[in-house]
Each structure stands twice: as C-alpha cells, then as structure tokens.
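So this one's entry_18.cif, mmCIF, C-alpha atoms and all ligand atoms:
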data_my_file
loop_
_atom_site.label_atom_id
_atom_site.label_comp_id
_atom_site.auth_asym_id
_atom_site.auth_seq_id
_atom_site.Cartn_x
_atom_site.Cartn_y
_atom_site.Cartn_z
CA MET B 1 102.31 138.89 59.28
CA LYS B 2 100.94 137.87 55.87
CA ALA B 3 99.06 140.67 54.09
CA ALA B 4 97.66 141.27 50.61
CA ALA B 5 98.77 144.68 49.31
CA ASN B 6 99.67 146.43 46.05
CA LYS B 7 98.15 146.02 42.57
CA PRO B 8 97.80 143.26 41.58
CA LEU B 9 97.64 142.13 45.18
CA VAL B 10 100.83 140.40 46.28
CA ILE B 11 101.07 138.37 49.49
CA GLN B 12 103.85 139.95 51.50
CA ASP B 13 105.42 139.53 54.89
CA LEU B 14 104.96 142.80 56.78
CA PRO B 15 105.66 143.72 60.41
CA ILE B 16 102.70 143.39 62.82
CA PRO B 17 101.62 147.00 63.48
CA LYS B 18 101.56 148.60 66.95
CA PRO B 19 98.25 150.17 68.11
CA GLN B 20 98.44 153.94 68.66
CA GLY B 21 95.95 156.23 70.40
CA ARG B 22 92.52 154.57 70.55
CA GLN B 23 93.42 151.81 68.08
CA VAL B 24 93.26 148.13 68.94
CA LEU B 25 95.42 145.47 67.29
CA VAL B 26 93.25 142.59 66.08
CA ARG B 27 93.98 139.17 64.65
CA VAL B 28 91.63 138.75 61.71
CA GLN B 29 89.45 135.65 61.99
CA ALA B 30 87.44 136.03 58.77
CA ALA B 31 87.29 138.76 56.11
CA SER B 32 84.91 138.90 53.16
CA LEU B 33 85.28 140.62 49.81
CA CYS B 34 82.99 143.59 49.08
CA HIS B 35 82.30 145.23 45.70
CA SER B 36 83.92 148.44 47.00
CA ASP B 37 87.20 146.51 47.24
CA LEU B 38 87.20 146.31 43.44
CA ALA B 39 87.13 150.11 43.20
CA THR B 40 89.83 150.37 45.88
CA ILE B 41 92.37 148.23 44.01
CA THR B 42 92.06 150.36 40.89
CA GLY B 43 93.15 153.37 42.96
CA ALA B 44 89.79 155.07 42.29
CA LEU B 45 89.10 155.62 46.02
CA GLY B 46 92.56 156.61 47.28
CA PRO B 47 96.29 156.20 46.74
CA LEU B 48 97.79 152.72 46.52
CA PRO B 49 99.25 150.54 47.90
CA VAL B 50 96.85 149.74 50.68
CA ILE B 51 95.83 146.49 52.35
CA ILE B 52 92.21 146.20 51.24
CA GLY B 53 89.28 144.72 53.18
CA HIS B 54 86.71 146.40 55.43
CA GLU B 55 84.27 143.67 56.51
CA ALA B 56 85.55 141.16 59.02
CA VAL B 57 85.34 139.64 62.46
CA SER B 58 88.58 139.70 64.39
CA VAL B 59 89.95 139.11 67.88
CA ILE B 60 91.60 141.86 69.95
CA GLN B 61 95.27 141.21 70.74
CA GLU B 62 96.38 144.52 72.22
CA LEU B 63 94.83 147.86 73.21
CA GLY B 64 96.37 151.19 72.25
CA PRO B 65 97.08 153.67 75.09
CA ASP B 66 93.69 155.45 74.75
CA ALA B 67 91.52 152.43 73.82
CA GLY B 68 90.87 151.31 77.42
CA LYS B 69 87.82 153.54 77.95
CA TYR B 70 85.85 151.82 75.16
CA ASP B 71 85.00 148.69 77.18
CA LEU B 72 87.10 146.46 74.95
CA HIS B 73 89.38 143.72 76.22
CA VAL B 74 92.07 141.44 74.85
CA GLY B 75 90.32 138.32 73.53
CA ASP B 76 87.02 140.05 72.61
CA THR B 77 85.82 139.27 69.08
CA ILE B 78 84.76 142.45 67.27
CA GLY B 79 83.48 143.77 63.98
CA SER B 80 83.55 147.38 62.82
CA GLY B 81 82.25 149.74 60.18
CA LEU B 82 84.95 151.15 57.95
CA TRP B 83 84.95 154.69 59.43
CA GLN B 84 88.18 155.24 61.38
CA ASP B 85 89.86 158.11 63.22
CA SER B 86 86.85 160.46 63.32
CA CYS B 87 87.71 163.41 65.58
CA LEU B 88 84.56 162.89 67.75
CA GLU B 89 84.65 166.65 68.49
CA CYS B 90 83.46 168.48 65.36
CA VAL B 91 79.89 169.54 64.76
CA ASP B 92 79.33 166.68 62.26
CA CYS B 93 80.62 164.06 64.73
CA LYS B 94 78.49 165.48 67.52
CA THR B 95 75.26 166.07 65.63
CA ALA B 96 75.11 163.71 62.60
CA GLY B 97 77.52 161.03 63.89
CA PRO B 98 81.22 160.14 63.54
CA GLN B 99 80.55 158.55 60.15
CA PHE B 100 80.18 162.10 58.78
CA CYS B 101 83.49 163.49 60.14
CA LYS B 102 85.61 165.21 57.49
CA LYS B 103 88.82 164.05 59.20
CA MET B 104 88.08 160.33 59.16
CA ASN B 105 89.94 157.56 57.37
CA LEU B 106 88.40 154.53 55.66
CA LEU B 107 89.60 151.12 56.79
CA GLY B 108 90.90 149.12 53.83
CA ILE B 109 90.61 152.15 51.54
CA THR B 110 92.75 154.95 52.99
CA THR B 111 94.30 152.88 55.82
CA ALA B 112 95.36 149.23 56.01
CA GLY B 113 92.37 146.87 56.17
CA TYR B 114 91.44 143.28 56.93
CA PHE B 115 93.04 141.17 54.17
CA ALA B 116 96.00 140.51 56.47
CA GLU B 117 96.58 138.39 59.52
CA TYR B 118 96.53 141.47 61.77
CA ALA B 119 94.93 144.90 61.49
CA LEU B 120 94.49 148.11 63.49
CA VAL B 121 90.91 149.14 64.26
CA ASP B 122 89.56 152.32 65.86
CA ALA B 123 88.07 151.34 69.25
CA ALA B 124 85.37 154.00 68.77
CA THR B 125 83.95 152.03 65.82
CA ALA B 126 84.32 148.53 67.25
CA VAL B 127 81.23 146.41 67.95
CA VAL B 128 81.67 143.42 70.26
CA VAL B 129 80.42 140.20 68.67
CA LYS B 130 81.64 137.91 71.46
CA ARG B 131 83.29 138.66 74.79
CA ALA B 132 86.52 136.84 75.64
CA GLY B 133 85.74 133.51 77.28
CA GLU B 134 81.98 133.69 76.60
CA ASP B 135 79.92 131.75 74.07
CA GLY B 136 79.20 133.82 70.98
CA PRO B 137 76.64 133.71 68.18
CA ARG B 138 76.46 130.33 66.46
CA SER B 139 77.18 131.80 63.05
CA LEU B 140 80.63 133.23 63.90
CA PRO B 141 82.81 133.83 61.80
CA ALA B 142 80.21 134.02 59.01
CA LEU B 143 79.06 137.35 60.46
CA ALA B 144 81.92 139.14 58.63
CA PRO B 145 79.70 140.41 55.77
CA VAL B 146 77.35 142.00 58.31
CA PHE B 147 79.97 144.71 58.87
CA CYS B 148 79.60 146.35 55.46
CA ALA B 149 76.87 144.83 53.32
CA GLY B 150 74.62 144.11 56.30
CA ILE B 151 74.98 147.34 58.24
CA THR B 152 74.63 149.45 55.09
CA VAL B 153 71.26 147.94 54.21
CA TRP B 154 70.35 148.22 57.89
CA ASP B 155 71.05 151.97 57.69
CA ALA B 156 68.74 152.16 54.66
CA LEU B 157 66.00 150.31 56.58
CA GLU B 158 66.36 152.55 59.63
CA ARG B 159 66.51 155.83 57.72
CA SER B 160 63.43 154.91 55.69
CA GLU B 161 61.61 153.29 58.66
CA LEU B 162 61.14 150.09 56.72
CA LEU B 163 61.66 147.30 59.23
CA GLY B 164 58.94 144.66 58.95
CA ALA B 165 57.82 145.54 55.41
CA LYS B 166 56.85 143.13 52.64
CA VAL B 167 59.86 142.84 50.31
CA ILE B 168 59.80 142.67 46.52
CA ALA B 169 63.30 142.05 45.12
CA LEU B 170 64.15 143.38 41.65
CA ASP B 171 67.24 142.39 39.69
CA VAL B 172 68.30 141.54 36.16
CA ARG B 173 69.77 138.16 37.16
CA ASN B 174 67.63 135.14 38.00
CA GLU B 175 70.33 133.46 40.13
CA GLN B 176 70.34 136.38 42.58
CA LEU B 177 66.55 136.60 42.69
CA ILE B 178 66.03 132.89 43.28
CA ALA B 179 68.64 132.92 46.04
CA ALA B 180 66.87 135.88 47.71
CA GLN B 181 63.55 134.07 47.55
CA ASN B 182 64.94 130.73 48.75
CA ASP B 183 66.63 132.17 51.82
CA GLY B 184 63.51 134.11 52.79
CA SER B 185 64.87 137.63 52.26
CA ALA B 186 62.34 138.41 49.51
CA ASP B 187 58.57 137.78 49.59
CA GLU B 188 58.29 138.30 45.83
CA ILE B 189 60.83 138.57 43.01
CA ILE B 190 60.77 140.30 39.63
CA ASN B 191 63.36 140.01 36.87
CA THR B 192 63.31 143.47 35.27
CA ARG B 193 65.55 142.59 32.30
CA SER B 194 62.88 142.29 29.61
CA LEU B 195 60.19 144.54 31.15
CA SER B 196 59.31 148.04 29.90
CA PRO B 197 58.81 150.70 32.61
CA GLU B 198 55.03 150.35 32.18
CA GLY B 199 55.25 146.56 32.18
CA LEU B 200 57.26 146.62 35.40
CA ALA B 201 54.79 148.97 37.11
CA ARG B 202 51.93 146.62 36.11
CA LYS B 203 53.83 143.59 37.38
CA VAL B 204 54.48 145.29 40.74
CA GLN B 205 50.79 146.16 41.05
CA GLU B 206 49.81 142.59 40.12
CA ILE B 207 51.73 141.10 43.03
CA ASN B 208 51.10 143.94 45.49
CA GLY B 209 47.32 144.13 45.72
CA GLY B 210 47.01 146.64 42.86
CA LEU B 211 49.47 149.10 44.43
CA LEU B 212 52.91 150.44 43.64
CA VAL B 213 55.42 150.32 46.51
CA ASP B 214 55.79 152.77 49.40
CA LYS B 215 59.58 152.80 49.35
CA ALA B 216 62.29 151.52 47.03
CA ILE B 217 65.83 150.87 48.25
CA VAL B 218 68.41 150.98 45.45
CA THR B 219 71.47 148.95 46.42
CA SER B 220 72.84 148.75 42.87
CA GLY B 221 75.14 151.44 41.51
CA ALA B 222 73.62 151.03 38.02
CA PRO B 223 71.97 154.35 36.95
CA GLN B 224 69.11 152.32 35.42
CA ALA B 225 68.25 150.95 38.87
CA TYR B 226 67.43 154.49 40.04
CA GLN B 227 65.17 155.07 37.02
CA THR B 228 63.47 151.74 37.75
CA ALA B 229 62.89 152.66 41.40
CA ILE B 230 61.27 156.00 40.54
CA GLY B 231 58.85 154.18 38.23
CA ILE B 232 57.49 151.80 40.88
CA VAL B 233 57.01 154.12 43.88
CA LYS B 234 53.57 155.40 44.92
CA PRO B 235 52.81 159.12 45.36
CA ILE B 236 54.45 160.50 48.56
CA GLY B 237 56.77 157.45 48.52
CA SER B 238 60.55 157.36 48.97
CA ILE B 239 63.60 156.29 47.00
CA VAL B 240 66.48 155.22 49.25
CA ALA B 241 69.90 155.74 47.65
CA VAL B 242 72.54 153.19 48.75
CA GLY B 243 74.26 152.05 45.53
CA LEU B 244 76.94 154.45 44.37
CA PRO B 245 76.88 155.12 40.62
CA ALA B 246 80.30 155.88 39.10
CA ALA B 247 78.91 159.03 37.43
CA PRO B 248 76.06 161.40 38.36
CA VAL B 249 72.58 160.03 37.60
CA PRO B 250 70.10 162.43 35.94
CA LEU B 251 67.35 163.19 38.44
CA PRO B 252 63.82 163.47 36.97
CA VAL B 253 62.88 166.34 39.25
CA GLY B 254 59.39 166.54 37.70
CA ALA B 255 58.52 163.05 38.92
CA PHE B 256 59.64 164.00 42.43
CA ALA B 257 57.59 167.22 42.39
CA ILE B 258 54.45 165.68 40.92
CA GLY B 259 54.58 162.57 43.10
CA CYS B 260 55.81 164.50 46.19
CA LEU B 261 58.51 161.83 46.39
CA LYS B 262 61.41 161.82 48.84
CA LEU B 263 65.03 160.86 48.15
CA ILE B 264 66.75 159.44 51.25
CA GLY B 265 70.49 158.68 51.44
CA ALA B 266 71.95 155.79 53.46
CA LYS B 267 75.46 154.41 53.98
CA VAL B 268 77.62 152.40 56.36
CA PRO B 269 76.45 153.58 59.79
CA GLY B 270 78.58 154.45 62.80
CA GLN B 271 79.13 152.20 65.80
CA VAL B 272 75.66 152.75 67.29
CA GLY B 273 73.80 151.71 64.11
CA ALA B 274 76.19 148.82 63.50
CA LYS B 275 75.52 147.54 67.01
CA ARG B 276 71.73 147.67 66.52
CA CYS B 277 72.18 145.74 63.24
CA LEU B 278 74.36 143.09 64.89
CA ASP B 279 71.92 142.67 67.81
CA PHE B 280 69.03 142.20 65.36
CA THR B 281 71.05 139.78 63.22
CA VAL B 282 71.99 137.62 66.21
CA ARG B 283 68.52 137.77 67.80
CA LYS B 284 66.84 136.65 64.56
CA ASP B 285 69.67 134.17 63.82
CA ILE B 286 70.15 135.74 60.39
CA ARG B 287 73.12 134.18 58.61
CA PRO B 288 74.79 135.86 55.67
CA ARG B 289 75.02 133.58 52.64
CA ILE B 290 78.68 132.59 52.45
CA ASN B 291 80.31 130.88 49.48
CA SER B 292 80.85 127.21 50.26
CA ARG B 293 84.40 127.36 48.98
CA LYS B 294 86.94 127.97 51.73
CA PHE B 295 89.22 130.74 50.49
CA VAL B 296 92.69 131.52 51.83
CA LEU B 297 94.61 134.79 51.55
CA GLU B 298 96.58 133.48 48.55
CA ASP B 299 93.25 133.23 46.64
CA ILE B 300 92.59 136.98 46.85
CA ASN B 301 93.34 137.83 43.20
CA GLU B 302 91.17 134.91 42.03
CA MET B 303 88.34 136.11 44.31
CA ILE B 304 88.61 139.57 42.75
CA ASP B 305 88.47 138.08 39.25
CA LEU B 306 85.40 136.00 40.17
CA MET B 307 83.63 139.06 41.56
CA LYS B 308 84.52 141.15 38.50
CA ALA B 309 83.09 138.43 36.27
CA GLY B 310 79.88 138.32 38.35
CA LYS B 311 80.42 134.65 39.24
CA VAL B 312 79.56 134.83 42.94
CA ASP B 313 75.94 133.71 42.99
CA GLU B 314 76.76 131.14 45.61
CA GLY B 315 77.27 133.76 48.32
CA ARG B 316 79.84 136.14 49.78
CA MET B 317 83.44 135.05 49.26
CA MET B 318 85.22 134.96 52.61
CA ILE B 319 88.73 134.17 53.77
CA GLU B 320 88.99 132.36 57.09
CA PHE B 321 92.35 132.94 58.75
CA PHE B 322 91.92 130.56 61.71
ZN ZN B 401 81.91 147.29 51.55
ZN ZN B 402 84.65 164.95 63.54
#
Please rewrite the model in this file as structure tokens.
Ligand SMILES: [Zn+2]
Ligand SMILES: [Zn+2]
Amino acid sequence: MKAAANKPLVIQDLPIPKPQGRQVLVRVQAASLCHSDLATITGALGPLPVIIGHEAVSVIQELGPDAGKYDLHVGDTIGSGLWQDSCLECVDCKTAGPQFCKKMNLLGITTAGYFAEYALVDAATAVVVKRAGEDGPRSLPALAPVFCAGITVWDALERSELLGAKVIALDVRNEQLIAAQNDGSADEIINTRSLSPEGLARKVQEINGGLLVDKAIVTSGAPQAYQTAIGIVKPIGSIVAVGLPAAPVPLPVGAFAIGCLKLIGAKVPGQVGAKRCLDFTVRKDIRPRINSRKFVLEDINEMIDLMKAGKVDEGRMMIEFF
C-alpha cells in the first residue's frame, strides 16, 4: 500500500497490515490534515517515523479476531477518534471514559494513521457512518474532518452545555471570520487584532444586548486567546480550554476568584461522544468546509507547507483516495 511516512514525508510502498485483537483493517476513503499533524511530524508528540493522519472516513476490509463483538462488518464505512488501544478495564476507562486511559495509543501520532491507503483502527473507537450496502449521508466523504476538529468542538459544547447558544466568533484574521459568518456558524464576528482589552469588551457588549458572554470556548493554542477569553466572560461564566498552547499560559487566578469563573477542559471525545456528534452533524446536514482543490497523497508535503503558512482559508485540505 502507498503510505506517507518519515520526515519530510516520503511516499513509500509498505505491506498492508494485518488486524490484531480488536483492530479492524480499513481502506481509507478520505483523510484530512489537522493542525496537530504539524506537531506530529516535528517529533514533538512522539517518536518518528509514523504515518500521520487521525481524521478520516474509511471502509472496513477485515476484522481482527476480537473485533466481531463491536457490531462492525466488512464494507461498513467508519470514522474514529484518535484514541486507540485503551484497556477498557482501568478506573479511568470505566469512570471518565476510554479517552482518559493511561495505556492508550494515539492514531497517527504514536501508531500508524490515515495518510495511507490502509490503516488499522481500534473497533472500540469506531463510529459507523454508513452500513455496508445502505445509503449513507449525502456529504460522505467530506465528513472526514468531523472526526477530530468536529468532535473536539462538540466535546467543548457538551461539557459546557452550550448547544443552541448565540455564537460570536473572535479571530485575528478576517478571512476566517467572514467564512464563519457566511456558512452560518457564527451569528456575529469580531476581529480582535486592533482592539484593546477594554475596546473588545465594549464591542462584545455592543452586539450582545449590553452583556458580556456566558461562556468562551478557546480553540486556538495562542496564549493571547486565553487572555482575550477571560476579558469577555460575565461573572460566574466559563472559559472552555480546547486549544493547546505550546507552553504553560499564566492563569490570572484573581480574575477567576473575583468573577467566580470556571475553567472547563475539553478534547477529542471517546466513541460515545463522537457518535452523538456524527448523529447531530448528519441530522442537521452540517457539511465541513472542504478545500475545493482535490489533493492526492503525493501532495502531502505541499499541504503541510500551506497549513504552516496559514494559507488554508478555503477550507480543510483533504485527500480522497477513491
Ligand atoms: Zn486533529
Ligand atoms: Zn484504561
């Protein structure tokens, strides 16, 4: 099979792997590039080489010996969160969820991922997008980005009980803001680039009936984004941490104490949360914004360069394999 591995990524011909235990062998239909992939290829998240890629839709080719009990069948189209090989037995697996297991691997980070024609996926994390022989969602295979970007924001919405809220999008780039407004994901937009903290708070109040916001989800890893969020939240409001800063961010504890604020963490959910996100996405016919350019596996290094340069305003870059 063709696979992109090593640094820089080189297209190689590798043997198709054999599913073990509860793994399933999948043929990758579409895989999209996530910002975390950039950190993976520098070796910052684990030893190289690894086949990167952790958001995809793919079709099951073969079940491992213990995968049969997961109601998966050859020909089913699936997606998955990146958590793999959780023990399902420890106290964290049983109480918080398998996405907190200390024994787990990360697909496309510590084990081979989706930028290859075939991949191995843990049946316990698989979410069925379309059953073999049945009609699936209209937007297949463009649902690939749901399985990292989508489900992560979903986890933030669920943990902060924010479904159905009015959305104000904040960013420092107009292209991103206008895209969010045009596709209906933001009710209001604010470019924070030239605003002082006081100016931003006033602007939020102007467009929000005189009020600051109840909850602020920070999806950027920029430390400044966390400072910005704290400045626009009402007393007894919440900051939801999703974006992962490279270094620790100073926490203004006084603002949390005085405002009785809450800090809520959110991340890629386990199978149960991912399934709820997919169901919602399909029911509402939500379609991730996909770059109009059709990428192939040989474009992977160019895709990485484009993402590094911030030139992906047109939507998620995705490779379609078939
Ligand atoms: Zn990701
Ligand atoms: Zn465990």
* To do: Would you list the residues that come within 12 Å of ligand ZN 401 (chain B)? Count all atoms listed in the file and give the answer as a PyMOL selection string.
  => chain B and resi 31-40+52-56+80-83+106-109+113-114+144-153+219+242-244+267-269+316
Mind checking which residues fall within 12 Å of Asn301 in chain B, counting all atoms listed in the file, ignoring those fewer than 5 positions away in the same chain, and posting them as a CSV table (one decimal) with C-alpha atoms, keeping the file's coordinate frame?
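New file selection-v1.csv:
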chain,number,residue,atom,x,y,z
B,4,ALA,CA,97.7,141.3,50.6
B,5,ALA,CA,98.8,144.7,49.3
B,6,ASN,CA,99.7,146.4,46.0
B,7,LYS,CA,98.2,146.0,42.6
B,8,PRO,CA,97.8,143.3,41.6
B,9,LEU,CA,97.6,142.1,45.2
B,10,VAL,CA,100.8,140.4,46.3
B,11,ILE,CA,101.1,138.4,49.5
B,33,LEU,CA,85.3,140.6,49.8
B,37,ASP,CA,87.2,146.5,47.2
B,38,LEU,CA,87.2,146.3,43.4
B,41,ILE,CA,92.4,148.2,44.0
B,52,ILE,CA,92.2,146.2,51.2
B,115,PHE,CA,93.0,141.2,54.2
B,295,PHE,CA,89.2,130.7,50.5
B,296,VAL,CA,92.7,131.5,51.8
B,306,LEU,CA,85.4,136.0,40.2
B,307,MET,CA,83.6,139.1,41.6
B,308,LYS,CA,84.5,141.2,38.5
B,317,MET,CA,83.4,135.0,49.3
* Computed interatomic separation between CA of Leu120 in chain B and CA of Arg276 in chain B (Å) -> 23.0 Å
* Two-atom distance - CA of Leu63 in chain B, CA of Lys102 in chain B (Å) ->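 Computing it gives 25.2 Å between the two atoms.
The smallest atom-to-atom distance between ligand ZN 402 (chain B) and any of B:Ser86, B:Thr77, B:Gln61, B:Gln23, using all atoms listed in the file, is found for B:Ser86.
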May I ask you to write as an mmCIF file with C-alpha atoms, in the frame of the given file all residues lying at most 10 Å from ligand ZN 402 (chain B), with only C-alpha atoms and all ligand atoms counted?
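Result went into selection26.cif, see below:
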data_model
loop_
_atom_site.group_PDB
_atom_site.id
_atom_site.type_symbol
_atom_site.label_atom_id
_atom_site.label_comp_id
_atom_site.auth_asym_id
_atom_site.auth_seq_id
_atom_site.Cartn_x
_atom_site.Cartn_y
_atom_site.Cartn_z
ATOM 1 C CA ASP B 85 89.860 158.110 63.220
ATOM 2 C CA SER B 86 86.850 160.460 63.320
ATOM 3 C CA CYS B 87 87.710 163.410 65.580
ATOM 4 C CA LEU B 88 84.560 162.890 67.750
ATOM 5 C CA GLU B 89 84.650 166.650 68.490
ATOM 6 C CA CYS B 90 83.460 168.480 65.360
ATOM 7 C CA VAL B 91 79.890 169.540 64.760
ATOM 8 C CA ASP B 92 79.330 166.680 62.260
ATOM 9 C CA CYS B 93 80.620 164.060 64.730
ATOM 10 C CA LYS B 94 78.490 165.480 67.520
ATOM 11 C CA THR B 95 75.260 166.070 65.630
ATOM 12 C CA ALA B 96 75.110 163.710 62.600
ATOM 13 C CA GLY B 97 77.520 161.030 63.890
ATOM 14 C CA PRO B 98 81.220 160.140 63.540
ATOM 15 C CA GLN B 99 80.550 158.550 60.150
ATOM 16 C CA PHE B 100 80.180 162.100 58.780
ATOM 17 C CA CYS B 101 83.490 163.490 60.140
ATOM 18 C CA LYS B 102 85.610 165.210 57.490
ATOM 19 C CA LYS B 103 88.820 164.050 59.200
ATOM 20 C CA MET B 104 88.080 160.330 59.160
#
* Of the listed residues B:Ala266, B:Ile16, B:Val129, B:Leu25, that which approaches Glu62 in chain B most closely, counting only C-alpha atoms ->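 Looking at the shortest contact to Glu62 in chain B, the residue is B:Leu25.
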* Quick one: everything within 9 Å of Asp171 in chain B, counting all atoms listed in the file, minus sequence neighbours fewer than 4 positions away in the same chain. Send it as JSON, numbers by chain. => {"B": [176, 177, 189, 190, 191, 192, 193, 225]}
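Our summary of the geometry notes that CA of Glu158 in chain B is positioned 18.1 Å from CA of Ile236 in chain B.
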* To do: Fewer than 3 positions away in the same chain doesn't count, so skip those; otherwise give me all residues within 12 Å of Ser292 in chain B, counting only C-alpha atoms, as a PyMOL selection string.
  => chain B and resi 142+288-289+295+312-320
* Find, counting only C-alpha atoms, the residue in B:Val50, B:Ala222, B:Ile264, B:Ile178 that gets nearest to Pro248 in chain B. => B:Ala222
* To do: Point out the residue among B:Gly199, B:Gly79, B:Gly210, B:Pro250 with the least atom-to-atom distance to Gln224 in chain B, counting all atoms listed in the file.
  => B:Pro250
* **Residue nearest Ala132 in chain B among B:Gly68, B:Pro223, B:Gly75, B:Gly273 (counting only C-alpha atoms)** =>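 For Ala132 in chain B, the nearest of the candidates is B:Gly75.
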* Spatial neighbours of Gly231 in chain B, 9 Å, all atoms listed in the file, chain gap at least 5 places, as a ChimeraX atom specification -> /B:197-198,200-201,212,226,255
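With distances restricted to all atoms listed in the file, B:Asp122 is the closest residue to Ile78 in chain B from B:Glu188, B:Asp285, B:Asp122, B:Glu206.
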